[in-house]
Amino acid sequence: MATTKPLTPFPPQEKYRVLILGCGNSTFGHDMIQDGFGHITNVDFSSTVIEQMKTKYSGFSDFMNFVCVDVTKGLPFESKSFDLIICKGTFDALLTSAGSIANAKFVVSECSRVLANGHGVLFLVSYGNPDSRVVFLERDNDLSYYWQEVSIHTVSRRSAGSAKNDYVYVCSKRLEDVPFLKGPQASSCQTMDRETSTTEMPLMNSTARVE
Ligand SMILES: C[S@@+](CC[C@H](N)C(=O)[O-])C[C@H]1O[C@@H](n2cnc3c(N)ncnc32)[C@H](O)[C@@H]1O
């Protein structure tokens with residue numbers, strides 16, 4: 001895809017509205033607050049994790065909230081209400097459970113829906129290479145349906161002594177409104193944690209820019 005500039009300006013960093021999908025017990029959100037980012041909404045479908053994180057970061061409630069959400073049932077947020085979505089490892093987890101292809105496509109549609117048009121960015125960190133992941137960012141084989149630009153960055157896992165790579169998919173939402181996928185109603189959270197594994201998806205073609 002051609003490189004384009006944001007069509008609407010990003011707010012200043014301290015005003016970013018950030019959504020972290022599948023926050024787990026990661027310090028990522030708190031680290032972002034320390035780095036001066038704005039408000040962070042953290043979601044996960046594990047009620048245990050959400051309660052632990054609420055307790056751990058109770059002193060940061062002005063900056064962060066934690067909500068129990070199964071993202072495959074929809075994101076319980078207004079359209080265009082976030083500037084940045086971070087999904088680190090969660091997409092990979094989604095792709096290991098029943099109904100994974102439809103779920104993954106619906107989650108991408110929901111991410112696009114809740115991002116601000118023209119500058120909202122989905123920052124997807126995955127072990128899945130572009131052949132196995134870009135297909136989920138598309139709609140009807142069209143990567144530009146939701147996104148004005150998708151750039152893909154390869155991150156070597158050298159520090160872990162592994163030959164494998166991770167990939168960062170930076171997806172900038174397009175300016176125009178498009179119809180989004182309809183899914184089940186937003187859910188309550190899981191009372192028991194689901195198990196996840198690390199199954200790789202089949203290879204597919206893509207047209208995204210890989211750097
Ligand atoms: C691999 S962990 C990544 C956690 C965190 N993002 C990190 O980087 O350390 C995946 C997380 O996604 C959550 N998760 C998996 N499926 C989910 C779903 N359907 N809805 C919400 N969260 C989900 C899991 O509970 C888990 O915390």
# chains A, B, ... in the order shown; residues from 1 in each chain; ligands from 1
call {"tool": "residues_near_ligand", "arguments": {"ligand": "ligand 1", "cutoff": "8 Å", "atoms": "only C-alpha atoms and all ligand atoms", "output": "JSON, numbers by chain"}}
result
{"A": [20, 21, 22, 23, 24, 25, 26, 27, 28, 43, 44, 45, 46, 49, 68, 69, 70, 71, 72, 73, 87, 88, 89, 90, 91, 92, 93, 94, 193, 194, 196]}
call {"tool": "select_by_dssp", "arguments": {"residues": "range 4-139 of chain A", "states": "alpha helix (DSSP H)", "output": "VMD selection string"}}
result
chain A and resid 28 to 34 47 to 56 90 to 94 100 to 114 130 to 137
call {"tool": "write_last_selection", "arguments": {"atoms": "C-alpha atoms", "output": "PDB file, in the first residue's frame"}}
result
ATOM      1  CA  PHE A  28       2.922  -2.412  29.719  1.00  0.00           C
ATOM      2  CA  GLY A  29       0.049  -0.046  30.570  1.00  0.00           C
ATOM      3  CA  HIS A  30       1.722   1.209  33.713  1.00  0.00           C
ATOM      4  CA  ASP A  31       4.993   1.694  31.814  1.00  0.00           C
ATOM      5  CA  MET A  32       3.123   3.803  29.252  1.00  0.00           C
ATOM      6  CA  ILE A  33       1.652   5.966  32.014  1.00  0.00           C
ATOM      7  CA  GLN A  34       5.148   6.454  33.422  1.00  0.00           C
ATOM      8  CA  SER A  47     -11.672 -11.924  35.867  1.00  0.00           C
ATOM      9  CA  THR A  48      -8.777 -13.107  38.043  1.00  0.00           C
ATOM     10  CA  VAL A  49      -6.277 -11.032  36.108  1.00  0.00           C
ATOM     11  CA  ILE A  50      -8.554  -7.992  36.026  1.00  0.00           C
ATOM     12  CA  GLU A  51      -9.119  -8.084  39.793  1.00  0.00           C
ATOM     13  CA  GLN A  52      -5.383  -8.532  40.443  1.00  0.00           C
ATOM     14  CA  MET A  53      -4.505  -5.625  38.169  1.00  0.00           C
ATOM     15  CA  LYS A  54      -7.182  -3.380  39.715  1.00  0.00           C
ATOM     16  CA  THR A  55      -5.648  -4.039  43.136  1.00  0.00           C
ATOM     17  CA  LYS A  56      -2.046  -3.701  41.964  1.00  0.00           C
ATOM     18  CA  THR A  90      -3.572 -11.599  22.435  1.00  0.00           C
ATOM     19  CA  PHE A  91      -4.287 -12.081  18.734  1.00  0.00           C
ATOM     20  CA  ASP A  92      -2.067 -15.169  18.815  1.00  0.00           C
ATOM     21  CA  ALA A  93      -4.046 -16.471  21.791  1.00  0.00           C
ATOM     22  CA  LEU A  94      -7.351 -15.849  19.978  1.00  0.00           C
ATOM     23  CA  SER A 100     -10.678 -18.577  15.672  1.00  0.00           C
ATOM     24  CA  ILE A 101     -10.871 -17.283  12.087  1.00  0.00           C
ATOM     25  CA  ALA A 102     -14.274 -15.632  12.497  1.00  0.00           C
ATOM     26  CA  ASN A 103     -13.297 -14.364  15.954  1.00  0.00           C
ATOM     27  CA  ALA A 104     -10.061 -12.838  14.718  1.00  0.00           C
ATOM     28  CA  LYS A 105     -11.785 -11.086  11.823  1.00  0.00           C
ATOM     29  CA  PHE A 106     -14.482  -9.757  14.132  1.00  0.00           C
ATOM     30  CA  VAL A 107     -11.918  -8.460  16.633  1.00  0.00           C
ATOM     31  CA  VAL A 108     -10.106  -6.619  13.837  1.00  0.00           C
ATOM     32  CA  SER A 109     -13.400  -5.090  12.692  1.00  0.00           C
ATOM     33  CA  GLU A 110     -14.124  -4.010  16.275  1.00  0.00           C
ATOM     34  CA  CYS A 111     -10.643  -2.528  16.657  1.00  0.00           C
ATOM     35  CA  SER A 112     -11.156  -0.493  13.521  1.00  0.00           C
ATOM     36  CA  ARG A 113     -14.601   0.617  14.695  1.00  0.00           C
ATOM     37  CA  VAL A 114     -13.397   1.974  18.044  1.00  0.00           C
ATOM     38  CA  PRO A 130       2.756 -11.726   7.585  1.00  0.00           C
ATOM     39  CA  ASP A 131       1.668 -14.754   5.556  1.00  0.00           C
ATOM     40  CA  SER A 132      -0.306 -15.978   8.538  1.00  0.00           C
ATOM     41  CA  ARG A 133      -1.608 -12.703   9.951  1.00  0.00           C
ATOM     42  CA  VAL A 134      -2.289 -10.114   7.233  1.00  0.00           C
ATOM     43  CA  VAL A 135      -5.302 -12.079   6.030  1.00  0.00           C
ATOM     44  CA  PHE A 136      -7.042 -11.201   9.324  1.00  0.00           C
ATOM     45  CA  LEU A 137      -6.395  -7.513   8.843  1.00  0.00           C
TER      46      LEU A 137
END
call {"tool": "residues_around", "arguments": {"residues": "Asn65 in chain A", "least_positions_apart": "3", "cutoff": "8 Å", "atoms": "only C-alpha atoms", "output": "list in words"}}
result
Ile40, Thr41, Asn42, Lys54, Ser61 and Asp62 of chain A
call {"tool": "write_last_selection", "arguments": {"atoms": "N, CA and C atoms", "output": "PDB file, in the first residue's frame"}}
result
ATOM      1  N   ILE A  40      -5.284   4.944  29.869  1.00  0.00           N
ATOM      2  CA  ILE A  40      -5.164   3.584  29.329  1.00  0.00           C
ATOM      3  C   ILE A  40      -6.332   2.744  29.825  1.00  0.00           C
ATOM      4  N   THR A  41      -7.091   2.183  28.889  1.00  0.00           N
ATOM      5  CA  THR A  41      -8.128   1.212  29.230  1.00  0.00           C
ATOM      6  C   THR A  41      -7.576  -0.179  28.940  1.00  0.00           C
ATOM      7  N   ASN A  42      -7.557  -1.021  29.958  1.00  0.00           N
ATOM      8  CA  ASN A  42      -7.022  -2.376  29.822  1.00  0.00           C
ATOM      9  C   ASN A  42      -8.170  -3.374  29.859  1.00  0.00           C
ATOM     10  N   LYS A  54      -6.486  -4.500  39.050  1.00  0.00           N
ATOM     11  CA  LYS A  54      -7.182  -3.380  39.715  1.00  0.00           C
ATOM     12  C   LYS A  54      -6.539  -3.117  41.074  1.00  0.00           C
ATOM     13  N   SER A  61      -5.845   4.963  39.376  1.00  0.00           N
ATOM     14  CA  SER A  61      -7.178   4.876  38.769  1.00  0.00           C
ATOM     15  C   SER A  61      -7.544   6.110  37.936  1.00  0.00           C
ATOM     16  N   ASP A  62      -6.836   7.216  38.134  1.00  0.00           N
ATOM     17  CA  ASP A  62      -7.106   8.381  37.272  1.00  0.00           C
ATOM     18  C   ASP A  62      -6.546   8.167  35.863  1.00  0.00           C
TER      19      ASP A  62
END
call {"tool": "closest_residue", "arguments": {"among": "A:Gly118, A:Ser58, A:Asp177, A:Val67", "to": "Thr8 in chain A", "atoms": "only C-alpha atoms"}}
result
A:Gly118
call {"tool": "closest_residue", "arguments": {"among": "A:Leu75, A:Ile86, A:Leu175, A:Val168", "to": "Ser144 in chain A", "atoms": "only C-alpha atoms"}}
result
A:Leu175
call {"tool": "select_by_dssp", "arguments": {"residues": "range 26-75 of chain A", "states": "strand (DSSP E or B)", "output": "PDB file with C-alpha atoms, in the first residue's frame"}}
result
ATOM      1  CA  HIS A  39      -5.544   7.362  29.731  1.00  0.00           C
ATOM      2  CA  ILE A  40      -5.164   3.584  29.329  1.00  0.00           C
ATOM      3  CA  THR A  41      -8.128   1.212  29.230  1.00  0.00           C
ATOM      4  CA  ASN A  42      -7.022  -2.376  29.822  1.00  0.00           C
ATOM      5  CA  VAL A  43      -9.253  -5.325  28.950  1.00  0.00           C
ATOM      6  CA  ASP A  44      -8.882  -9.052  29.488  1.00  0.00           C
ATOM      7  CA  SER A  46      -9.825 -13.292  32.856  1.00  0.00           C
ATOM      8  CA  MET A  64      -5.837   3.432  33.989  1.00  0.00           C
ATOM      9  CA  ASN A  65      -8.958   1.309  34.207  1.00  0.00           C
ATOM     10  CA  PHE A  66      -9.355  -2.454  33.942  1.00  0.00           C
ATOM     11  CA  VAL A  67     -12.428  -4.018  32.378  1.00  0.00           C
ATOM     12  CA  CYS A  68     -13.334  -7.671  32.054  1.00  0.00           C
TER      13      CYS A  68
END
call {"tool": "residues_around", "arguments": {"residues": "Ser156 in chain A", "least_positions_apart": "4", "cutoff": "9 Å", "atoms": "only C-alpha atoms", "output": "number ranges by chain"}}
result
A: 162-167
call {"tool": "write_last_selection", "arguments": {"atoms": "C-alpha atoms", "output": "short mmCIF file (atom, residue, chain, number, x, y, z; two decimals), in the first residue's frame"}}
result
data_model
loop_
_atom_site.label_atom_id
_atom_site.label_comp_id
_atom_site.auth_asym_id
_atom_site.auth_seq_id
_atom_site.Cartn_x
_atom_site.Cartn_y
_atom_site.Cartn_z
CA SER A 162 16.09 -17.77 19.58
CA ALA A 163 16.27 -17.76 15.78
CA LYS A 164 12.59 -16.81 15.57
CA ASN A 165 11.16 -13.37 14.93
CA ASP A 166 8.27 -11.37 16.24
CA TYR A 167 6.30 -9.00 14.05
#
call {"tool": "closest_residue", "arguments": {"among": "A:Lys15, A:Arg139, A:Arg158, A:His119", "to": "Cys171 in chain A", "atoms": "only C-alpha atoms"}}
result
A:His119
call {"tool": "atom_distance", "arguments": {"atom1": "CA of Pro9 in chain A", "atom2": "CA of Asp142 in chain A"}}
result
25.0 Å
call {"tool": "atom_distance", "arguments": {"atom1": "CA of Gly120 in chain A", "atom2": "CA of Asp35 in chain A"}}
result
19.5 Å
